[in-house]
file coords-v8.cif (mmCIF, C-alpha atoms and all ligand atoms)
data_target
#
loop_
_atom_site.label_atom_id
_atom_site.label_comp_id
_atom_site.auth_asym_id
_atom_site.auth_seq_id
_atom_site.Cartn_x
_atom_site.Cartn_y
_atom_site.Cartn_z
CA LEU Z 166 11.45 12.13 -4.02
CA ALA Z 167 13.06 9.53 -6.24
CA ALA Z 168 9.72 7.81 -6.88
CA PRO Z 169 6.27 7.69 -5.32
CA ALA Z 170 6.61 5.42 -2.28
CA PHE Z 171 3.23 3.78 -2.73
CA TYR Z 172 1.76 1.53 -5.43
CA ARG Z 173 -1.96 0.86 -5.75
CA PHE Z 174 -3.51 -2.14 -7.51
CA LYS Z 175 -6.47 -4.51 -7.30
CA VAL Z 176 -6.86 -8.02 -5.94
CA GLY Z 177 -10.29 -8.98 -7.25
CA GLU Z 178 -12.65 -6.40 -5.75
CA LEU Z 179 -10.16 -5.30 -3.11
CA GLU Z 180 -7.98 -2.22 -3.37
CA ALA Z 181 -4.42 -2.90 -2.28
CA THR Z 182 -1.65 -0.36 -1.68
CA ILE Z 183 2.00 -1.15 -1.06
CA VAL Z 184 3.60 1.55 1.09
CA SER Z 185 7.32 1.78 1.86
CA ASP Z 186 8.93 2.38 5.23
CA GLY Z 187 12.28 2.89 3.47
CA PRO Z 188 15.25 0.64 2.71
CA LEU Z 189 17.41 -1.30 5.20
CA PRO Z 190 21.08 -1.48 4.15
CA LEU Z 191 22.39 -4.90 5.27
CA GLY Z 192 25.91 -4.80 3.84
CA ASP Z 193 27.75 -7.74 2.33
CA ALA Z 194 25.22 -10.39 1.30
CA SER Z 195 27.59 -13.22 2.20
CA SER Z 196 27.69 -11.97 5.80
CA VAL Z 197 23.93 -12.43 6.34
CA PHE Z 198 23.34 -15.64 4.35
CA LYS Z 199 24.66 -19.05 5.42
CA GLY Z 200 25.09 -22.26 3.49
CA ALA Z 201 26.82 -20.92 0.37
CA THR Z 202 30.37 -19.60 0.12
CA LYS Z 203 31.17 -15.94 -0.49
CA PRO Z 204 32.50 -16.67 -4.01
CA GLU Z 205 29.29 -18.59 -4.83
CA ILE Z 206 27.06 -15.79 -3.53
CA ASP Z 207 29.13 -13.04 -5.20
CA LYS Z 208 29.01 -14.86 -8.55
CA LEU Z 209 25.26 -15.54 -8.43
CA LEU Z 210 24.42 -11.96 -7.45
CA THR Z 211 26.78 -10.44 -10.01
CA GLU Z 212 25.30 -12.60 -12.78
CA ASN Z 213 21.86 -11.32 -11.80
CA PHE Z 214 22.87 -7.65 -11.63
CA ALA Z 215 22.48 -7.51 -7.84
CA SER Z 216 25.17 -6.01 -5.61
CA PRO Z 217 27.19 -8.61 -3.65
CA ASP Z 218 28.50 -6.11 -1.08
CA LYS Z 219 25.56 -3.70 -0.75
CA PHE Z 220 22.49 -5.80 -0.05
CA VAL Z 221 19.53 -3.47 0.55
CA ALA Z 222 16.30 -4.93 1.91
CA GLU Z 223 13.23 -2.84 1.17
CA GLN Z 224 10.26 -2.65 3.56
CA ASN Z 225 7.10 -3.14 1.52
CA ALA Z 226 4.09 -2.84 3.82
CA LEU Z 227 0.67 -3.70 2.40
CA VAL Z 228 -2.64 -1.96 3.01
CA VAL Z 229 -5.81 -3.77 1.97
CA ASN Z 230 -9.12 -1.94 1.69
CA ASN Z 231 -12.02 -4.38 1.51
CA GLY Z 232 -14.65 -1.63 1.45
CA GLU Z 233 -15.39 -2.00 5.16
CA ARG Z 234 -11.98 -2.14 6.76
CA LEU Z 235 -8.48 -0.83 6.13
CA VAL Z 236 -5.92 -3.46 7.07
CA LEU Z 237 -2.18 -2.78 7.27
CA ILE Z 238 0.26 -5.70 7.17
CA ASP Z 239 3.52 -4.85 9.03
CA THR Z 240 4.64 -1.41 10.14
CA GLY Z 241 8.36 -0.89 9.39
CA VAL Z 242 11.01 0.10 11.92
CA GLY Z 243 9.22 3.28 13.04
CA SER Z 244 11.46 5.56 15.09
CA VAL Z 245 14.23 2.95 15.53
CA THR Z 246 17.31 4.45 13.88
CA THR Z 247 19.57 1.35 13.76
CA PHE Z 248 19.26 1.09 9.98
CA GLY Z 249 20.22 4.63 9.09
CA PRO Z 250 18.42 7.78 7.97
CA ASN Z 251 16.18 6.42 5.20
CA THR Z 252 13.73 4.38 7.30
CA GLY Z 253 10.70 5.24 9.39
CA ARG Z 254 8.82 6.67 6.43
CA LEU Z 255 5.67 4.58 6.61
CA LEU Z 256 3.41 7.19 8.22
CA SER Z 257 4.35 9.97 5.81
CA ASN Z 258 4.12 7.62 2.83
CA LEU Z 259 0.69 6.41 4.00
CA ARG Z 260 -0.50 10.02 4.10
CA GLN Z 261 0.99 10.64 0.68
CA SER Z 262 -1.05 7.68 -0.61
CA GLY Z 263 -4.22 9.24 0.81
CA ILE Z 264 -4.48 6.97 3.86
CA ASP Z 265 -4.82 8.54 7.31
CA PRO Z 266 -3.18 6.30 9.96
CA LYS Z 267 -6.24 6.99 12.16
CA ASP Z 268 -8.38 5.18 9.59
CA ILE Z 269 -6.42 1.92 9.82
CA ASP Z 270 -8.80 -0.59 11.46
CA ALA Z 271 -6.43 -3.53 11.77
CA VAL Z 272 -2.67 -4.03 11.84
CA VAL Z 273 -1.31 -7.48 11.10
CA ILE Z 274 2.15 -8.25 12.53
CA THR Z 275 3.54 -11.23 10.61
CA HIS Z 276 6.27 -11.66 13.22
CA ALA Z 277 7.70 -9.69 16.11
CA HIS Z 278 10.94 -8.35 14.57
CA VAL Z 279 11.75 -4.64 14.76
CA ASP Z 280 11.28 -4.00 11.03
CA HIS Z 281 7.70 -5.33 11.21
CA LEU Z 282 6.42 -3.95 14.52
CA GLY Z 283 8.68 -0.95 15.17
CA GLY Z 284 6.07 1.37 13.69
CA LEU Z 285 3.26 0.41 16.09
CA MET Z 286 4.23 3.17 18.51
CA ALA Z 287 5.22 6.71 17.54
CA GLY Z 288 6.78 8.90 20.22
CA GLY Z 289 5.12 6.95 23.04
CA THR Z 290 1.65 6.93 21.53
CA ARG Z 291 -0.11 4.46 19.24
CA ALA Z 292 0.61 5.23 15.59
CA PHE Z 293 -2.66 3.51 14.61
CA PRO Z 294 -4.93 4.54 17.48
CA ASN Z 295 -8.06 2.82 16.17
CA ALA Z 296 -6.55 -0.49 15.11
CA GLN Z 297 -6.86 -3.99 16.47
CA ILE Z 298 -3.57 -5.88 16.18
CA TYR Z 299 -3.37 -9.42 14.79
CA MET Z 300 -0.41 -11.72 15.46
CA THR Z 301 0.42 -15.20 16.74
CA GLN Z 302 0.53 -15.93 20.44
CA VAL Z 303 3.78 -17.91 20.15
CA ASP Z 304 5.57 -14.90 18.67
CA PHE Z 305 4.08 -12.60 21.29
CA ASP Z 306 5.21 -14.92 24.10
CA PHE Z 307 8.70 -15.50 22.65
CA TRP Z 308 9.58 -11.89 21.85
CA THR Z 309 8.12 -10.22 24.96
CA ASP Z 310 9.80 -12.73 27.30
CA GLU Z 311 11.53 -10.81 30.08
CA GLY Z 312 13.82 -13.80 30.62
CA LYS Z 313 15.53 -13.14 27.27
CA LEU Z 314 16.55 -9.56 28.14
CA GLY Z 315 20.00 -10.89 29.13
CA SER Z 316 20.41 -12.92 25.93
CA PRO Z 317 21.94 -11.99 22.55
CA LEU Z 318 18.35 -11.27 21.43
CA LYS Z 319 17.99 -8.51 24.00
CA ASP Z 320 17.66 -5.61 21.53
CA PHE Z 321 14.92 -7.42 19.58
CA ILE Z 322 13.18 -8.34 22.86
CA GLN Z 323 13.31 -4.79 24.22
CA ILE Z 324 11.80 -3.30 21.05
CA ALA Z 325 9.11 -5.98 20.92
CA ARG Z 326 8.20 -5.32 24.55
CA ASP Z 327 8.14 -1.53 24.01
CA SER Z 328 5.92 -1.97 20.94
CA LEU Z 329 3.57 -4.75 22.06
CA LEU Z 330 3.04 -4.40 25.80
CA PRO Z 331 1.33 -0.97 25.58
CA ASN Z 332 -0.98 -2.53 22.98
CA ARG Z 333 -1.71 -5.75 24.85
CA ASP Z 334 -5.47 -5.06 25.13
CA ARG Z 335 -5.66 -4.50 21.34
CA ILE Z 336 -4.02 -7.78 20.33
CA VAL Z 337 -6.02 -10.62 18.79
CA PHE Z 338 -4.14 -13.91 18.39
CA VAL Z 339 -4.53 -15.58 15.01
CA LYS Z 340 -4.62 -19.34 14.53
CA ALA Z 341 -3.22 -21.55 11.76
CA ASP Z 342 -5.29 -21.51 8.55
CA GLN Z 343 -7.83 -19.15 10.11
CA GLU Z 344 -9.70 -16.55 8.04
CA PHE Z 345 -8.94 -13.93 10.68
CA LEU Z 346 -10.40 -11.01 8.72
CA PRO Z 347 -12.73 -11.14 5.71
CA GLY Z 348 -10.69 -12.33 2.70
CA MET Z 349 -7.52 -12.82 4.76
CA HIS Z 350 -6.21 -16.27 5.61
CA MET Z 351 -3.37 -17.05 7.96
CA LEU Z 352 -0.76 -19.39 6.49
CA SER Z 353 1.66 -20.72 9.08
CA THR Z 354 5.28 -20.35 7.81
CA PRO Z 355 7.46 -20.70 10.93
CA GLY Z 356 11.24 -20.70 11.13
CA HIS Z 357 12.26 -17.08 10.58
CA THR Z 358 10.54 -16.70 13.96
CA VAL Z 359 8.62 -19.30 15.99
CA GLY Z 360 5.22 -17.87 15.06
CA HIS Z 361 5.99 -16.30 11.67
CA PHE Z 362 3.07 -16.42 9.24
CA SER Z 363 2.12 -15.37 5.74
CA VAL Z 364 -1.23 -13.90 4.67
CA VAL Z 365 -3.28 -14.96 1.67
CA VAL Z 366 -5.55 -12.12 0.50
CA SER Z 367 -8.42 -13.34 -1.69
CA SER Z 368 -11.27 -11.71 -3.58
CA GLY Z 369 -13.34 -12.52 -6.64
CA GLY Z 370 -11.30 -15.59 -7.63
CA GLN Z 371 -7.96 -13.76 -7.35
CA SER Z 372 -5.42 -13.99 -4.59
CA LEU Z 373 -2.15 -12.51 -3.44
CA CYS Z 374 0.18 -14.13 -0.92
CA ASN Z 375 1.98 -11.73 1.39
CA VAL Z 376 4.90 -14.04 2.19
CA ALA Z 377 6.49 -11.63 4.71
CA ASP Z 378 9.96 -12.91 5.72
CA VAL Z 379 9.84 -16.37 4.17
CA VAL Z 380 12.27 -14.67 1.76
CA HIS Z 381 14.78 -11.84 2.02
CA HIS Z 382 16.81 -11.73 -1.19
CA ASN Z 383 15.11 -11.72 -4.62
CA VAL Z 384 17.97 -13.60 -6.29
CA LEU Z 385 19.27 -15.88 -3.56
CA ALA Z 386 15.98 -17.05 -2.07
CA PRO Z 387 14.43 -18.35 -5.32
CA GLN Z 388 17.62 -19.71 -6.89
CA ARG Z 389 19.17 -21.10 -3.70
CA PRO Z 390 16.12 -21.64 -1.44
CA ARG Z 391 18.13 -23.76 1.02
CA VAL Z 392 20.52 -20.90 1.83
CA GLN Z 393 19.80 -19.71 5.37
CA PHE Z 394 19.33 -16.17 6.67
CA ALA Z 395 21.39 -15.06 9.68
CA PHE Z 396 18.38 -13.73 11.62
CA ASP Z 397 16.24 -16.89 11.40
CA THR Z 398 15.31 -18.27 14.82
CA ASP Z 399 15.24 -21.81 13.38
CA PRO Z 400 16.99 -21.70 9.96
CA GLU Z 401 16.19 -25.32 9.03
CA GLN Z 402 12.50 -24.82 9.75
CA ALA Z 403 12.63 -21.57 7.75
CA VAL Z 404 14.05 -23.46 4.75
CA ALA Z 405 11.28 -26.07 5.03
CA SER Z 406 8.62 -23.33 5.17
CA ARG Z 407 10.21 -21.59 2.17
CA LEU Z 408 10.31 -24.74 0.04
CA ARG Z 409 6.71 -25.62 0.92
CA LEU Z 410 5.39 -22.12 0.19
CA PHE Z 411 7.42 -21.69 -3.03
CA ASP Z 412 6.12 -25.03 -4.28
CA MET Z 413 2.53 -23.94 -3.61
CA LEU Z 414 2.92 -20.49 -5.21
CA ALA Z 415 4.65 -21.86 -8.32
CA THR Z 416 2.12 -24.67 -8.74
CA ASP Z 417 -0.94 -22.45 -8.24
CA ARG Z 418 0.59 -19.45 -10.07
CA VAL Z 419 -0.36 -17.21 -7.14
CA PRO Z 420 1.40 -13.82 -7.09
CA LEU Z 421 3.36 -12.89 -4.02
CA LEU Z 422 4.29 -9.75 -2.17
CA ALA Z 423 7.71 -10.06 -0.49
CA TYR Z 424 8.29 -7.52 2.27
CA HIS Z 425 12.04 -7.23 1.65
CA PHE Z 426 12.28 -7.63 -2.15
CA PRO Z 427 13.15 -4.68 -4.42
CA TRP Z 428 10.31 -2.16 -4.51
CA PRO Z 429 7.42 -2.84 -4.65
CA GLY Z 430 8.08 -6.58 -4.14
CA LEU Z 431 5.26 -7.93 -6.32
CA GLY Z 432 5.87 -10.90 -8.57
CA HIS Z 433 5.59 -14.60 -9.30
CA LEU Z 434 7.72 -17.63 -8.65
CA ALA Z 435 8.36 -20.04 -11.49
CA ARG Z 436 10.08 -23.39 -11.28
CA SER Z 437 13.59 -23.43 -12.75
CA ALA Z 438 15.66 -26.63 -12.77
CA ASP Z 439 15.66 -27.82 -9.15
CA ALA Z 440 14.90 -24.35 -7.76
CA PHE Z 441 12.87 -21.27 -8.72
CA ARG Z 442 13.16 -17.93 -10.40
CA TYR Z 443 11.44 -14.69 -9.42
CA VAL Z 444 9.56 -12.80 -12.12
CA PRO Z 445 8.61 -9.26 -11.04
CA MET Z 446 5.01 -8.38 -11.88
CA GLN Z 447 4.32 -5.88 -14.62
CA LEU Z 448 3.21 -2.71 -12.88
CA SER Z 449 0.34 -0.66 -14.24
CA THR Z 450 -0.14 3.09 -14.37
CA VAL Z 451 -3.91 2.53 -14.39
CA LEU Z 452 -5.91 1.21 -11.44
ZN ZN Z 501 11.96 -8.45 8.11
#
call {"tool": "encode", "arguments": {"input": "coords-v8.cif", "output": "C-alpha cells"}}
result
Amino acid sequence: LAAPAFYRFKVGELEATIVSDGPLPLGDASSVFKGATKPEIDKLLTENFASPDKFVAEQNALVVNNGERLVLIDTGVGSVTTFGPNTGRLLSNLRQSGIDPKDIDAVVITHAHVDHLGGLMAGGTRAFPNAQIYMTQVDFDFWTDEGKLGSPLKDFIQIARDSLLPNRDRIVFVKADQEFLPGMHMLSTPGHTVGHFSVVVSSGGQSLCNVADVVHHNVLAPQRPRVQFAFDTDPEQAVASRLRLFDMLATDRVPLLAYHFPWPGLGHLARSADAFRYVPMQLSTVL
C-alpha cells in the first residue's frame, strides 16, 4: 500500500473517517472542463503543480459515527470497471479502517452517478445490508427513468437502475434544508445533477460541509469557479450552486470535504481576488 486509505478525525463530538474507493483517471483536464481554453487550463494547472494531461479524481467517501449510528456518504464505483483497475476499494478500505460494512446504518447518496452509488450492490447483493438509503426523489426519478435507456445517458441510467431499484424499499427521500439524520443537514446544490445535494455535518459548535460534486478539480474549481464540468446535467445551474456554496464556506470559514479532490479532500476555501483558493487542511497523526 502506498498510504493508508482512510483518515480519521473529529467534528465536534463526532468521529469522522474518510475512506477511499480509489482514483478515477479522467485524462486531459481540458477535455472535461468547458469555458476556458486548453492553453488557459494547461497554464493554470502547470503553475499550480497539477498535471494538465493526467487529471485524476479521487473518491473520498465519508463515514460519520455519531455514537448511535454509522453513516456513509457515497459509495464509489463498486464493481464497475470503466475507470480501470484501481477503483472499487471502498469495502476493503472500510474493513482496514475497522468498519464492518454490515454495521453501516445509513448510506447517503448525494447524487445518482456511478461513482457515488456504484458500491451499493456487490455481486448482486446489498453491500450494506442493514442500511437505510438517503437521497433526493428528483435524482431517483431522473436516473432510474426507463425512458432514458435509449439516450446518451443510457450507461448512467442502467447503473443507477441496477443499484437503486433492488433497494427501493430502503430509500428515504430527503428534502431541502432538512436535518435528515441527527447532526446532518441537507443543503440543496443542484446542477451537477437535478437533485444533487451537499451535507453539513455539525456537532459541538463545529461543522464540516461535504460538498460532494459541487467541485471536481482542486485548482480549477476555486480559481475559475465559472468553468463548467462536462458531466453536469445543467452546467449553468452547477456554476450558480458552486458560487453560492463557495461564498458561504469562505464567509463562515467552514471546512469542506470534496469527494474528488486530492486525498483526503479536506480543506478550506479562502477568497482570492474575484475567485477563491483552496487551502488543504493540516492533517493530524493524533485523533
Ligand atoms: Zn462524482
call {"tool": "closest_atom_pairs", "arguments": {"input": "coords-v8.cif", "of": "range 257-281 of chain Z", "to": "range 412-426 of chain Z", "cutoff": "12 Å", "atoms": "all atoms listed in the file", "output": "CSV"}}
result
residue,atom,partner,partner_atom,distance
Z:Ile274,CA,Z:Tyr424,CA,12.0
Z:Thr275,CA,Z:Tyr424,CA,10.3
Z:His276,CA,Z:Tyr424,CA,11.9
Z:Asp280,CA,Z:Tyr424,CA,9.9
Z:His281,CA,Z:Tyr424,CA,9.2
call {"tool": "residues_around", "arguments": {"input": "coords-v8.cif", "residues": "Ser244 in chain Z", "least_positions_apart": "5", "cutoff": "7 Å", "atoms": "all atoms listed in the file", "output": "list in words"}}
result
Gly253, Gly284 and Ala287 of chain Z
call {"tool": "residues_near_point", "arguments": {"input": "coords-v8.cif", "point": "(20.8, -5.0, 1.7)", "cutoff": "8 Å", "atoms": "only C-alpha atoms", "output": "PyMOL selection string"}}
result
chain Z and resi 188-194+219-223
call {"tool": "atom_distance", "arguments": {"input": "coords-v8.cif", "atom1": "CA of Met286 in chain Z", "atom2": "CA of Thr309 in chain Z"}}
result
15.4 Å
call {"tool": "residues_around", "arguments": {"input": "coords-v8.cif", "residues": "Pro445 in chain Z", "least_positions_apart": "3", "cutoff": "8 Å", "atoms": "all atoms listed in the file", "output": "VMD selection string"}}
result
chain Z and resid 430 to 433
call {"tool": "residues_around", "arguments": {"input": "coords-v8.cif", "residues": "range 199-201 of chain Z", "least_positions_apart": "4", "cutoff": "8 Å", "atoms": "only C-alpha atoms", "output": "PyMOL selection string"}}
result
chain Z and resi 195+205-206+391-395
call {"tool": "residues_around", "arguments": {"input": "coords-v8.cif", "residues": "Val229 in chain Z", "least_positions_apart": "3", "cutoff": "12 Å", "atoms": "only C-alpha atoms", "output": "JSON, numbers by chain"}}
result
{"Z": [172, 173, 174, 175, 176, 177, 178, 179, 180, 181, 182, 183, 184, 226, 232, 233, 234, 235, 236, 237, 238, 239, 264, 269, 270, 271, 272, 273, 346, 347, 348, 349, 364, 365, 366, 367, 368, 373, 375]}
call {"tool": "atom_distance", "arguments": {"input": "coords-v8.cif", "atom1": "CA of Val339 in chain Z", "atom2": "CA of Met351 in chain Z"}}
result
7.3 Å
